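What follows is the content of input.cif, which has mmCIF, C-alpha atoms:
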data_coords
#
loop_
_atom_site.group_PDB
_atom_site.id
_atom_site.type_symbol
_atom_site.label_atom_id
_atom_site.label_comp_id
_atom_site.auth_asym_id
_atom_site.auth_seq_id
_atom_site.Cartn_x
_atom_site.Cartn_y
_atom_site.Cartn_z
ATOM 1 C CA LYS A 141 1.299 -17.978 23.246
ATOM 2 C CA GLU A 142 0.146 -17.299 19.699
ATOM 3 C CA ILE A 143 3.177 -15.089 19.023
ATOM 4 C CA ARG A 144 5.488 -17.863 20.279
ATOM 5 C CA ASN A 145 3.746 -20.343 17.993
ATOM 6 C CA ILE A 146 4.189 -18.044 14.999
ATOM 7 C CA VAL A 147 7.883 -17.564 15.735
ATOM 8 C CA LYS A 148 8.347 -21.320 16.157
ATOM 9 C CA ARG A 149 6.483 -22.004 12.919
ATOM 10 C CA LYS A 150 8.676 -19.536 11.055
ATOM 11 C CA ALA A 151 11.838 -21.039 12.509
ATOM 12 C CA GLU A 152 10.822 -24.490 11.302
ATOM 13 C CA THR A 153 10.011 -23.311 7.780
ATOM 14 C CA LYS A 154 12.006 -24.892 4.981
ATOM 15 C CA PRO A 155 14.296 -22.752 2.801
ATOM 16 C CA VAL A 156 12.328 -20.377 0.611
ATOM 17 C CA ARG A 157 11.943 -21.402 -3.024
ATOM 18 C CA LYS A 158 9.651 -18.641 -4.277
ATOM 19 C CA VAL A 159 8.387 -15.439 -2.679
ATOM 20 C CA VAL A 160 5.613 -13.019 -3.664
ATOM 21 C CA LEU A 161 6.644 -9.425 -3.031
ATOM 22 C CA ALA A 162 4.250 -6.498 -2.582
ATOM 23 C CA TYR A 163 6.049 -4.306 -5.105
ATOM 24 C CA SER A 164 5.505 -0.644 -5.954
ATOM 25 C CA GLY A 165 8.586 -0.129 -8.102
ATOM 26 C CA GLY A 166 9.857 2.563 -5.742
ATOM 27 C CA LEU A 167 13.207 2.712 -4.004
ATOM 28 C CA ASP A 168 12.361 0.560 -0.983
ATOM 29 C CA THR A 169 10.660 -2.345 -2.758
ATOM 30 C CA SER A 170 13.174 -2.305 -5.624
ATOM 31 C CA VAL A 171 15.965 -2.736 -3.094
ATOM 32 C CA ILE A 172 13.934 -5.453 -1.367
ATOM 33 C CA LEU A 173 13.524 -7.311 -4.670
ATOM 34 C CA LYS A 174 17.281 -7.491 -5.227
ATOM 35 C CA TRP A 175 17.925 -8.232 -1.548
ATOM 36 C CA LEU A 176 15.545 -11.206 -1.663
ATOM 37 C CA GLN A 177 17.321 -12.578 -4.721
ATOM 38 C CA ASP A 178 20.721 -12.254 -3.048
ATOM 39 C CA GLU A 179 19.960 -13.147 0.565
ATOM 40 C CA TYR A 180 17.449 -15.942 0.011
ATOM 41 C CA GLY A 181 18.524 -17.110 -3.439
ATOM 42 C CA CYS A 182 14.867 -17.580 -4.314
ATOM 43 C CA GLU A 183 12.621 -16.852 -7.258
ATOM 44 C CA VAL A 184 10.696 -13.593 -6.850
ATOM 45 C CA VAL A 185 7.136 -12.864 -7.979
ATOM 46 C CA THR A 186 6.037 -9.205 -7.904
ATOM 47 C CA PHE A 187 2.546 -7.946 -7.161
ATOM 48 C CA THR A 188 1.572 -4.324 -7.782
ATOM 49 C CA ALA A 189 -1.937 -3.158 -6.893
ATOM 50 C CA ASP A 190 -3.885 -0.152 -8.115
ATOM 51 C CA ILE A 191 -6.161 0.874 -5.246
ATOM 52 C CA GLY A 192 -6.608 4.421 -6.462
ATOM 53 C CA GLN A 193 -3.374 5.883 -5.121
ATOM 54 C CA GLY A 194 -3.199 8.166 -8.148
ATOM 55 C CA GLU A 195 0.173 6.944 -9.394
ATOM 56 C CA GLU A 196 0.993 5.184 -12.639
ATOM 57 C CA ILE A 197 1.693 1.544 -11.778
ATOM 58 C CA GLU A 198 2.509 0.080 -15.200
ATOM 59 C CA PRO A 199 6.185 1.272 -15.047
ATOM 60 C CA ALA A 200 6.639 -1.262 -12.251
ATOM 61 C CA ARG A 201 6.492 -3.977 -14.922
ATOM 62 C CA ALA A 202 9.478 -2.608 -16.845
ATOM 63 C CA LYS A 203 11.461 -2.143 -13.627
ATOM 64 C CA ALA A 204 10.757 -5.711 -12.537
ATOM 65 C CA ILE A 205 11.777 -7.130 -15.925
ATOM 66 C CA LYS A 206 14.979 -5.081 -15.833
ATOM 67 C CA MET A 207 15.775 -6.681 -12.477
ATOM 68 C CA GLY A 208 15.415 -10.186 -13.879
ATOM 69 C CA ILE A 209 11.796 -11.009 -13.061
ATOM 70 C CA LYS A 210 10.116 -13.240 -15.627
ATOM 71 C CA PRO A 211 7.037 -11.635 -17.259
ATOM 72 C CA SER A 212 4.923 -14.556 -16.022
ATOM 73 C CA ASN A 213 5.963 -13.676 -12.463
ATOM 74 C CA ILE A 214 4.749 -10.071 -12.685
ATOM 75 C CA PHE A 215 1.221 -9.316 -11.476
ATOM 76 C CA ILE A 216 -0.197 -5.802 -11.896
ATOM 77 C CA GLU A 217 -3.869 -5.561 -11.001
ATOM 78 C CA ASP A 218 -6.592 -2.940 -10.813
ATOM 79 C CA LEU A 219 -8.301 -3.584 -7.459
ATOM 80 C CA ARG A 220 -10.257 -0.330 -7.203
ATOM 81 C CA GLU A 221 -13.733 -1.791 -7.650
ATOM 82 C CA GLU A 222 -13.103 -4.664 -5.256
ATOM 83 C CA PHE A 223 -11.548 -2.278 -2.750
ATOM 84 C CA VAL A 224 -14.588 -0.003 -2.617
ATOM 85 C CA ARG A 225 -17.253 -2.713 -2.977
ATOM 86 C CA ASP A 226 -15.883 -5.253 -0.505
ATOM 87 C CA PHE A 227 -13.940 -3.100 1.947
ATOM 88 C CA VAL A 228 -14.851 0.600 1.904
ATOM 89 C CA PHE A 229 -18.628 0.290 1.571
ATOM 90 C CA PRO A 230 -18.952 -2.420 4.266
ATOM 91 C CA MET A 231 -16.821 -0.210 6.541
ATOM 92 C CA PHE A 232 -19.210 2.690 5.939
ATOM 93 C CA ARG A 233 -22.228 0.500 6.628
ATOM 94 C CA ALA A 234 -20.680 -0.637 9.912
ATOM 95 C CA ASN A 235 -19.705 2.947 10.843
ATOM 96 C CA ALA A 236 -16.257 1.593 11.716
ATOM 97 C CA LEU A 237 -13.957 4.203 13.229
ATOM 98 C CA TYR A 238 -10.333 3.906 14.306
ATOM 99 C CA GLU A 239 -10.366 4.081 18.104
ATOM 100 C CA GLY A 240 -13.825 5.600 17.772
ATOM 101 C CA GLU A 241 -12.430 8.788 16.243
ATOM 102 C CA TYR A 242 -11.859 8.703 12.486
ATOM 103 C CA LEU A 243 -12.471 6.585 9.401
ATOM 104 C CA LEU A 244 -9.951 3.926 8.429
ATOM 105 C CA GLY A 245 -7.796 5.034 5.518
ATOM 106 C CA THR A 246 -4.499 3.239 5.041
ATOM 107 C CA SER A 247 -5.476 0.251 7.141
ATOM 108 C CA ILE A 248 -8.668 -0.682 5.256
ATOM 109 C CA ALA A 249 -6.662 -1.412 2.089
ATOM 110 C CA ARG A 250 -4.124 -3.743 3.708
ATOM 111 C CA PRO A 251 -6.378 -6.816 4.076
ATOM 112 C CA LEU A 252 -7.143 -6.686 0.350
ATOM 113 C CA ILE A 253 -3.455 -6.528 -0.546
ATOM 114 C CA ALA A 254 -2.712 -9.389 1.862
ATOM 115 C CA LYS A 255 -5.544 -11.412 0.313
ATOM 116 C CA ARG A 256 -4.162 -10.988 -3.194
ATOM 117 C CA LEU A 257 -0.612 -11.765 -2.037
ATOM 118 C CA VAL A 258 -1.854 -15.071 -0.676
ATOM 119 C CA GLU A 259 -3.955 -15.844 -3.769
ATOM 120 C CA ILE A 260 -0.975 -15.180 -6.020
ATOM 121 C CA ALA A 261 1.243 -17.275 -3.735
ATOM 122 C CA ARG A 262 -1.157 -20.197 -4.155
ATOM 123 C CA LYS A 263 -1.403 -19.672 -7.923
ATOM 124 C CA THR A 264 2.361 -19.546 -8.410
ATOM 125 C CA LYS A 265 3.083 -22.186 -5.757
ATOM 126 C CA ALA A 266 5.158 -19.729 -3.735
ATOM 127 C CA ASP A 267 5.973 -20.590 -0.138
ATOM 128 C CA ALA A 268 6.589 -17.056 1.148
ATOM 129 C CA ILE A 269 5.382 -13.482 0.848
ATOM 130 C CA SER A 270 7.292 -10.282 1.536
ATOM 131 C CA HIS A 271 6.338 -6.678 2.215
ATOM 132 C CA GLY A 272 8.070 -3.335 2.666
ATOM 133 C CA ALA A 273 6.414 -2.247 5.902
ATOM 134 C CA THR A 274 8.824 -1.066 8.559
ATOM 135 C CA GLY A 275 9.394 -3.032 11.729
ATOM 136 C CA LYS A 276 7.904 -0.415 14.001
ATOM 137 C CA GLY A 277 4.423 0.318 12.650
ATOM 138 C CA ASN A 278 0.956 -1.183 12.357
ATOM 139 C CA ASP A 279 1.240 -2.085 8.671
ATOM 140 C CA GLN A 280 3.480 -5.082 9.320
ATOM 141 C CA VAL A 281 0.781 -6.480 11.615
ATOM 142 C CA ARG A 282 -1.994 -5.850 9.083
ATOM 143 C CA PHE A 283 -0.139 -7.558 6.252
ATOM 144 C CA GLU A 284 1.114 -10.503 8.258
ATOM 145 C CA LEU A 285 -1.977 -11.392 10.295
ATOM 146 C CA GLY A 286 -4.040 -11.094 7.128
ATOM 147 C CA ALA A 287 -1.706 -13.507 5.372
ATOM 148 C CA TYR A 288 -1.529 -15.966 8.283
ATOM 149 C CA ALA A 289 -5.336 -15.996 8.537
ATOM 150 C CA LEU A 290 -5.625 -17.094 4.908
ATOM 151 C CA MET A 291 -2.461 -19.198 4.598
ATOM 152 C CA PRO A 292 -1.290 -20.266 8.069
ATOM 153 C CA ASN A 293 1.880 -22.019 6.915
ATOM 154 C CA VAL A 294 3.171 -19.210 4.708
ATOM 155 C CA LYS A 295 6.560 -17.722 5.545
ATOM 156 C CA ILE A 296 6.670 -13.951 5.961
ATOM 157 C CA ILE A 297 9.838 -12.114 5.001
ATOM 158 C CA ALA A 298 9.969 -8.595 6.443
ATOM 159 C CA PRO A 299 13.322 -7.143 5.307
ATOM 160 C CA TRP A 300 13.082 -4.112 7.566
ATOM 161 C CA ARG A 301 13.283 -6.483 10.531
ATOM 162 C CA GLU A 302 16.250 -8.391 9.082
ATOM 163 C CA TRP A 303 18.616 -6.141 7.169
ATOM 164 C CA ASP A 304 20.907 -3.297 8.181
ATOM 165 C CA LEU A 305 19.791 -0.909 5.432
ATOM 166 C CA LEU A 306 18.082 1.303 7.971
ATOM 167 C CA SER A 307 18.671 4.699 6.387
ATOM 168 C CA ARG A 308 17.939 6.352 3.074
ATOM 169 C CA GLU A 309 21.666 6.731 2.433
ATOM 170 C CA LYS A 310 22.248 2.995 2.847
ATOM 171 C CA LEU A 311 19.326 2.200 0.543
ATOM 172 C CA MET A 312 20.684 4.522 -2.145
ATOM 173 C CA ARG A 313 24.182 3.058 -1.783
ATOM 174 C CA TYR A 314 22.808 -0.490 -2.124
ATOM 175 C CA ALA A 315 20.820 0.553 -5.209
ATOM 176 C CA ASP A 316 23.890 2.071 -6.845
ATOM 177 C CA GLN A 317 26.057 -0.963 -6.033
ATOM 178 C CA HIS A 318 23.547 -3.357 -7.579
ATOM 179 C CA GLY A 319 22.450 -1.325 -10.582
ATOM 180 C CA ILE A 320 18.926 -0.747 -9.288
ATOM 181 C CA PRO A 321 17.272 2.091 -11.240
ATOM 182 C CA VAL A 322 16.314 5.088 -9.094
ATOM 183 C CA ASP A 323 14.518 8.090 -10.578
ATOM 184 C CA GLY A 324 16.033 11.532 -10.322
ATOM 185 C CA ALA A 325 13.455 12.870 -7.872
ATOM 186 C CA LYS A 326 14.450 10.235 -5.329
ATOM 187 C CA ARG A 327 18.090 11.283 -5.568
ATOM 188 C CA LYS A 328 17.253 14.866 -4.659
ATOM 189 C CA GLY A 329 16.227 13.766 -1.201
ATOM 190 C CA PRO A 330 13.071 12.548 0.527
ATOM 191 C CA PRO A 331 9.968 14.746 0.814
ATOM 192 C CA PRO A 332 9.576 16.586 4.114
ATOM 193 C CA TYR A 333 6.712 14.258 5.065
ATOM 194 C CA SER A 334 5.409 10.803 4.162
ATOM 195 C CA MET A 335 2.150 10.224 2.332
ATOM 196 C CA ASP A 336 -0.264 7.350 1.841
ATOM 197 C CA ALA A 337 -3.137 7.393 -0.615
ATOM 198 C CA ASN A 338 -5.869 5.158 -1.957
ATOM 199 C CA LEU A 339 -9.254 5.781 -3.529
ATOM 200 C CA LEU A 340 -10.758 6.563 -0.123
ATOM 201 C CA HIS A 341 -8.215 8.899 1.399
ATOM 202 C CA ILE A 342 -4.872 10.658 1.338
ATOM 203 C CA SER A 343 -2.941 11.259 4.541
ATOM 204 C CA TYR A 344 0.371 12.808 5.565
ATOM 205 C CA GLU A 345 2.661 12.500 8.541
ATOM 206 C CA GLY A 346 6.174 13.233 9.702
ATOM 207 C CA GLY A 347 8.607 16.061 9.280
ATOM 208 C CA PRO A 348 7.281 19.554 10.010
ATOM 209 C CA LEU A 349 3.758 18.182 10.451
ATOM 210 C CA GLU A 350 4.794 16.707 13.796
ATOM 211 C CA ASP A 351 4.663 20.266 15.160
ATOM 212 C CA PRO A 352 0.974 21.151 15.682
ATOM 213 C CA TRP A 353 1.865 24.843 15.266
ATOM 214 C CA THR A 354 3.057 24.223 11.720
ATOM 215 C CA GLU A 355 0.505 25.064 9.034
ATOM 216 C CA PRO A 356 0.432 22.445 6.257
ATOM 217 C CA PRO A 357 1.921 23.879 3.040
ATOM 218 C CA SER A 358 -0.384 24.366 0.068
ATOM 219 C CA GLU A 359 1.649 21.969 -2.136
ATOM 220 C CA MET A 360 0.308 19.111 -0.023
ATOM 221 C CA TRP A 361 -3.130 19.442 -1.596
ATOM 222 C CA ARG A 362 -3.185 16.907 -4.420
ATOM 223 C CA TRP A 363 -6.888 16.170 -4.588
ATOM 224 C CA SER A 364 -8.248 19.212 -2.840
ATOM 225 C CA VAL A 365 -7.929 22.982 -2.895
ATOM 226 C CA SER A 366 -7.419 25.081 0.196
ATOM 227 C CA PRO A 367 -10.596 26.535 1.729
ATOM 228 C CA GLU A 368 -9.491 29.978 0.525
ATOM 229 C CA MET A 369 -9.564 28.728 -3.071
ATOM 230 C CA ALA A 370 -12.915 26.922 -2.791
ATOM 231 C CA PRO A 371 -16.121 28.395 -4.285
ATOM 232 C CA ASN A 372 -18.221 30.714 -2.163
ATOM 233 C CA GLU A 373 -21.401 28.970 -3.299
ATOM 234 C CA ALA A 374 -22.569 25.551 -2.159
ATOM 235 C CA THR A 375 -22.443 22.538 -4.466
ATOM 236 C CA TYR A 376 -25.448 20.223 -4.202
ATOM 237 C CA LEU A 377 -25.449 16.496 -4.929
ATOM 238 C CA ASP A 378 -28.287 13.989 -5.043
ATOM 239 C CA LEU A 379 -27.072 10.610 -3.728
ATOM 240 C CA THR A 380 -29.054 7.438 -4.380
ATOM 241 C CA TYR A 381 -28.606 4.564 -1.912
ATOM 242 C CA GLU A 382 -29.369 0.868 -2.179
ATOM 243 C CA GLY A 383 -28.697 -1.371 0.803
ATOM 244 C CA GLY A 384 -26.693 1.366 2.458
ATOM 245 C CA ASP A 385 -24.356 1.915 -0.513
ATOM 246 C CA VAL A 386 -24.283 4.870 -2.903
ATOM 247 C CA VAL A 387 -25.229 3.625 -6.362
ATOM 248 C CA ALA A 388 -25.902 6.878 -8.235
ATOM 249 C CA LEU A 389 -24.993 10.577 -8.186
ATOM 250 C CA ASP A 390 -27.526 13.075 -9.514
ATOM 251 C CA GLY A 391 -29.488 10.177 -10.954
ATOM 252 C CA VAL A 392 -26.548 8.702 -12.880
ATOM 253 C CA ALA A 393 -25.825 5.074 -11.959
ATOM 254 C CA MET A 394 -22.188 4.428 -11.094
ATOM 255 C CA SER A 395 -19.959 1.595 -9.955
ATOM 256 C CA PRO A 396 -18.571 1.734 -6.403
ATOM 257 C CA ALA A 397 -15.128 2.948 -7.468
ATOM 258 C CA THR A 398 -16.568 5.536 -9.849
ATOM 259 C CA VAL A 399 -18.731 6.902 -7.019
ATOM 260 C CA LEU A 400 -15.640 7.573 -4.922
ATOM 261 C CA VAL A 401 -13.752 9.093 -7.864
ATOM 262 C CA GLU A 402 -16.615 11.508 -8.526
ATOM 263 C CA LEU A 403 -17.099 12.386 -4.869
ATOM 264 C CA ASN A 404 -13.363 13.008 -4.483
ATOM 265 C CA GLN A 405 -13.455 15.419 -7.418
ATOM 266 C CA VAL A 406 -16.514 17.323 -6.179
ATOM 267 C CA GLY A 407 -15.319 17.387 -2.587
ATOM 268 C CA GLY A 408 -11.796 18.395 -3.583
ATOM 269 C CA ALA A 409 -13.064 21.306 -5.650
ATOM 270 C CA ASN A 410 -14.899 22.521 -2.557
ATOM 271 C CA GLY A 411 -11.948 22.312 -0.196
ATOM 272 C CA ILE A 412 -12.949 18.976 1.340
ATOM 273 C CA GLY A 413 -10.460 16.152 1.745
#
Mind turning this structure into structure tokens?
Amino acid sequence: KEIRNIVKRKAETKPVRKVVLAYSGGLDTSVILKWLQDEYGCEVVTFTADIGQGEEIEPARAKAIKMGIKPSNIFIEDLREEFVRDFVFPMFRANALYEGEYLLGTSIARPLIAKRLVEIARKTKADAISHGATGKGNDQVRFELGAYALMPNVKIIAPWREWDLLSREKLMRYADQHGIPVDGAKRKGPPPYSMDANLLHISYEGGPLEDPWTEPPSEMWRWSVSPEMAPNEATYLDLTYEGGDVVALDGVAMSPATVLVELNQVGGANGIG
């Protein structure tokens, strides 16, 4: 019943005037930006979040401006502290596990991104939000239910459920036809597997990794070293807790995000992560 109500609500939505796009500046969301301008004829606001994915996000501003986005409609925000303080640490305190098996990684960041999309939509008086999640995974549900919970009347535009650009070749062709800048690495072909990262985790899937007999290649390790390259001696850390949260390492007080950065570095050097 609820799904029918959502579909009906979307069908009755007025034409879109302004949309907030979750924008990384990569191939997919750059194509989406232009597609929204052409297909919906609406004003586009871009939102790029730094949640510790380890990639430079400021170039997204120049790409958005080049594609006609007004500087006042470009939002690039550092959400690392909020992410760890309000999402990661509460998850740790609750001992929340995905299907009772492993810690949430990708999924724990999506509610924060959805929250900021909605807040920016309210600030800019946008009537829609858009994301680049595919139409066959969990991310579309995380983004959209998060948005509907906070802004029930918002329109969601999910291009992967609407367009016919369902292959990398079609995306590249669309980019070339519309003058969308694509870096050279993208033109050489996709990586053999997909990756998602934030300050809490980095995970891989697809390609050769679908075969459980395939050993992950060493070039996958971005934050960690292989166990063979790790020290033979133990590394000891003194963690200080307050209210269930780590607040200091070896007696040095740290912010939530800094704690995770430091632990990632120490763990990575020891073949963990």
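Atom pair atom CA of Ala337 of chain A / atom CA of Gln193 of chain A: separated by 4.8 Å.
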So, with all atoms listed in the file as the atoms that count, which of A:Pro299, A:Pro371, A:Gly408, A:Gly391 lies closest to Ala273 of chain A? A:Pro299
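One finds atom CA of Asn338 of chain A at 26.8 Å from atom CA of Met207 of chain A.
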Would you kindly return, as a VMD selection string, each protein, DNA or RNA residue with an atom no farther than 12 Å from any atom of Asp190 of chain A, considering only C-alpha atoms and excluding same-chain residues fewer than 6 positions away? chain A and resid 162 to 164 196 to 198 200 215 to 223 249 252 to 253 256 337 to 339 397
So how far away is atom CA of Met369 of chain A from atom CA of Ala388 of chain A, in Å?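 Distance between the two atoms: 27.8 Å.
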Would you please work out which residue, of A:Asn410, A:Val228, A:Gly275, A:Pro356, is nearest to Ala374 of chain A when using only C-alpha atoms?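 When distances to Ala374 of chain A are compared using only C-alpha atoms, the smallest one comes from A:Asn410.
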On this file, the PyMOL selection byres ((chain A and resi 153-159) around 8) gives some set of residues; write that set as a list in words.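 Residues picked by the PyMOL selection byres ((chain A and resi 153-159) around 8): Arg149, Lys150, Ala151, Glu152, Val160, Leu161, Tyr180, Gly181, Cys182, Glu183, Val184, Val185, Ala261, Lys265, Ala266, Asp267, Ala268, Ile269, Ser270 and Lys295 of chain A.
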Which residue out of A:Ile172, A:Leu244, A:Met360, A:Leu257 has the minimum interatomic distance to Tyr288 of chain A when all atoms listed in the file are used?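 For Tyr288 of chain A, the nearest of the candidates is A:Leu257.
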List every protein, DNA or RNA residue with an atom no more than 7 Å from (-4.9, -10.4, 8.1) in the file's coordinates, counting all atoms listed in the file, and format the result as a PyMOL selection string. chain A and resi 251+254+282-289
Please enumerate the residues selected by the PyMOL selection byres ((chain A and resi 341) around 10) when evaluated against the supplied file, formatted as a list in words.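 Answer for the PyMOL selection byres ((chain A and resi 341) around 10): Gly192, Gln193, Leu243, Leu244, Gly245, Thr246, Asp336, Ala337, Asn338, Leu339, Leu340, Ile342, Ser343, Trp363, Leu400, Asn404 and Gly413 of chain A.
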Under the rule that only C-alpha atoms are counted, which of A:Tyr238, A:Tyr376, A:Trp300, A:Trp175 is the nearest residue to Gly407 of chain A? A:Tyr376
Which residue gives the smallest distance to Ser395 of chain A among A:Ser247, A:Phe229, A:Val294, A:Phe187, with all atoms listed in the file counted? A:Phe229
Give the answer as one residue: which of A:Ser364, A:Thr375, A:Ser170, A:Gln317 has the shortest atom-to-atom distance to Asp390 of chain A, using all atoms listed in the file? A:Thr375
List the neighbours of Ala370 of chain A out to 7 Å using all atoms listed in the file; skip same-chain residues closer than 5 positions along the sequence, and give me the result as a short mmCIF file (atom, residue, chain, number, x, y, z; two decimals) with C-alpha atoms, in the coordinates of the input.
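Dumped everything to selection-v8.cif:
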data_model
loop_
_atom_site.label_atom_id
_atom_site.label_comp_id
_atom_site.auth_asym_id
_atom_site.auth_seq_id
_atom_site.Cartn_x
_atom_site.Cartn_y
_atom_site.Cartn_z
CA VAL A 365 -7.93 22.98 -2.90
CA ALA A 409 -13.06 21.31 -5.65
CA ASN A 410 -14.90 22.52 -2.56
CA GLY A 411 -11.95 22.31 -0.20
#
Contacts of Asp385 of chain A within 12 Å, all atoms listed in the file, excl. fewer than 3 positions in-chain, as a PyMOL selection string: chain A and resi 224-234+379-382+388-389+393-397+399-400
Produce segment 243-259 of chain A of the given structure as output with N, CA, C and O atoms, as a CSV table (one decimal), in the first residue's frame.
chain,number,residue,atom,x,y,z
A,243,LEU,N,29.7,-5.2,10.0
A,243,LEU,CA,29.4,-3.8,10.2
A,243,LEU,C,28.9,-3.2,8.9
A,243,LEU,O,29.3,-3.5,7.8
A,244,LEU,N,28.1,-2.2,9.1
A,244,LEU,CA,27.6,-1.4,8.0
A,244,LEU,C,28.7,-0.5,7.5
A,244,LEU,O,29.4,0.1,8.2
A,245,GLY,N,28.9,-0.5,6.2
A,245,GLY,CA,29.9,0.4,5.6
A,245,GLY,C,29.3,1.4,4.7
A,245,GLY,O,29.2,2.6,5.0
A,246,THR,N,29.0,1.0,3.4
A,246,THR,CA,28.4,1.9,2.5
A,246,THR,C,27.1,2.5,3.0
A,246,THR,O,26.8,3.7,3.0
A,247,SER,N,26.2,1.6,3.5
A,247,SER,CA,24.9,2.0,3.9
A,247,SER,C,24.8,3.0,5.0
A,247,SER,O,23.9,3.8,5.0
A,248,ILE,N,25.7,3.0,5.9
A,248,ILE,CA,25.6,3.9,7.1
A,248,ILE,C,25.8,5.4,6.7
A,248,ILE,O,25.4,6.3,7.4
A,249,ALA,N,26.5,5.6,5.5
A,249,ALA,CA,26.7,7.0,5.0
A,249,ALA,C,25.5,7.5,4.3
A,249,ALA,O,25.3,8.7,4.1
A,250,ARG,N,24.6,6.7,3.7
A,250,ARG,CA,23.6,7.1,2.9
A,250,ARG,C,22.5,8.0,3.6
A,250,ARG,O,22.1,9.0,3.0
A,251,PRO,N,22.1,7.7,4.8
A,251,PRO,CA,21.2,8.6,5.5
A,251,PRO,C,21.7,10.0,5.6
A,251,PRO,O,20.9,11.0,5.6
A,252,LEU,N,23.0,10.1,5.9
A,252,LEU,CA,23.6,11.5,6.0
A,252,LEU,C,23.5,12.2,4.7
A,252,LEU,O,23.1,13.4,4.7
A,253,ILE,N,23.8,11.6,3.6
A,253,ILE,CA,23.8,12.2,2.3
A,253,ILE,C,22.3,12.6,2.0
A,253,ILE,O,22.1,13.7,1.5
A,254,ALA,N,21.4,11.7,2.3
A,254,ALA,CA,20.0,12.0,2.0
A,254,ALA,C,19.5,13.2,2.9
A,254,ALA,O,18.8,14.1,2.4
A,255,LYS,N,20.0,13.3,4.1
A,255,LYS,CA,19.6,14.4,5.0
A,255,LYS,C,20.1,15.7,4.4
A,255,LYS,O,19.3,16.7,4.4
A,256,ARG,N,21.3,15.7,4.0
A,256,ARG,CA,21.9,17.0,3.4
A,256,ARG,C,21.2,17.3,2.1
A,256,ARG,O,21.0,18.5,1.8
A,257,LEU,N,20.9,16.3,1.3
A,257,LEU,CA,20.1,16.6,0.0
A,257,LEU,C,18.8,17.3,0.3
A,257,LEU,O,18.4,18.3,-0.3
A,258,VAL,N,18.1,16.9,1.3
A,258,VAL,CA,16.8,17.4,1.7
A,258,VAL,C,17.0,18.8,2.3
A,258,VAL,O,16.3,19.8,2.0
A,259,GLU,N,18.0,19.0,3.2
A,259,GLU,CA,18.3,20.3,3.7
A,259,GLU,C,18.7,21.3,2.7
A,259,GLU,O,18.2,22.5,2.7
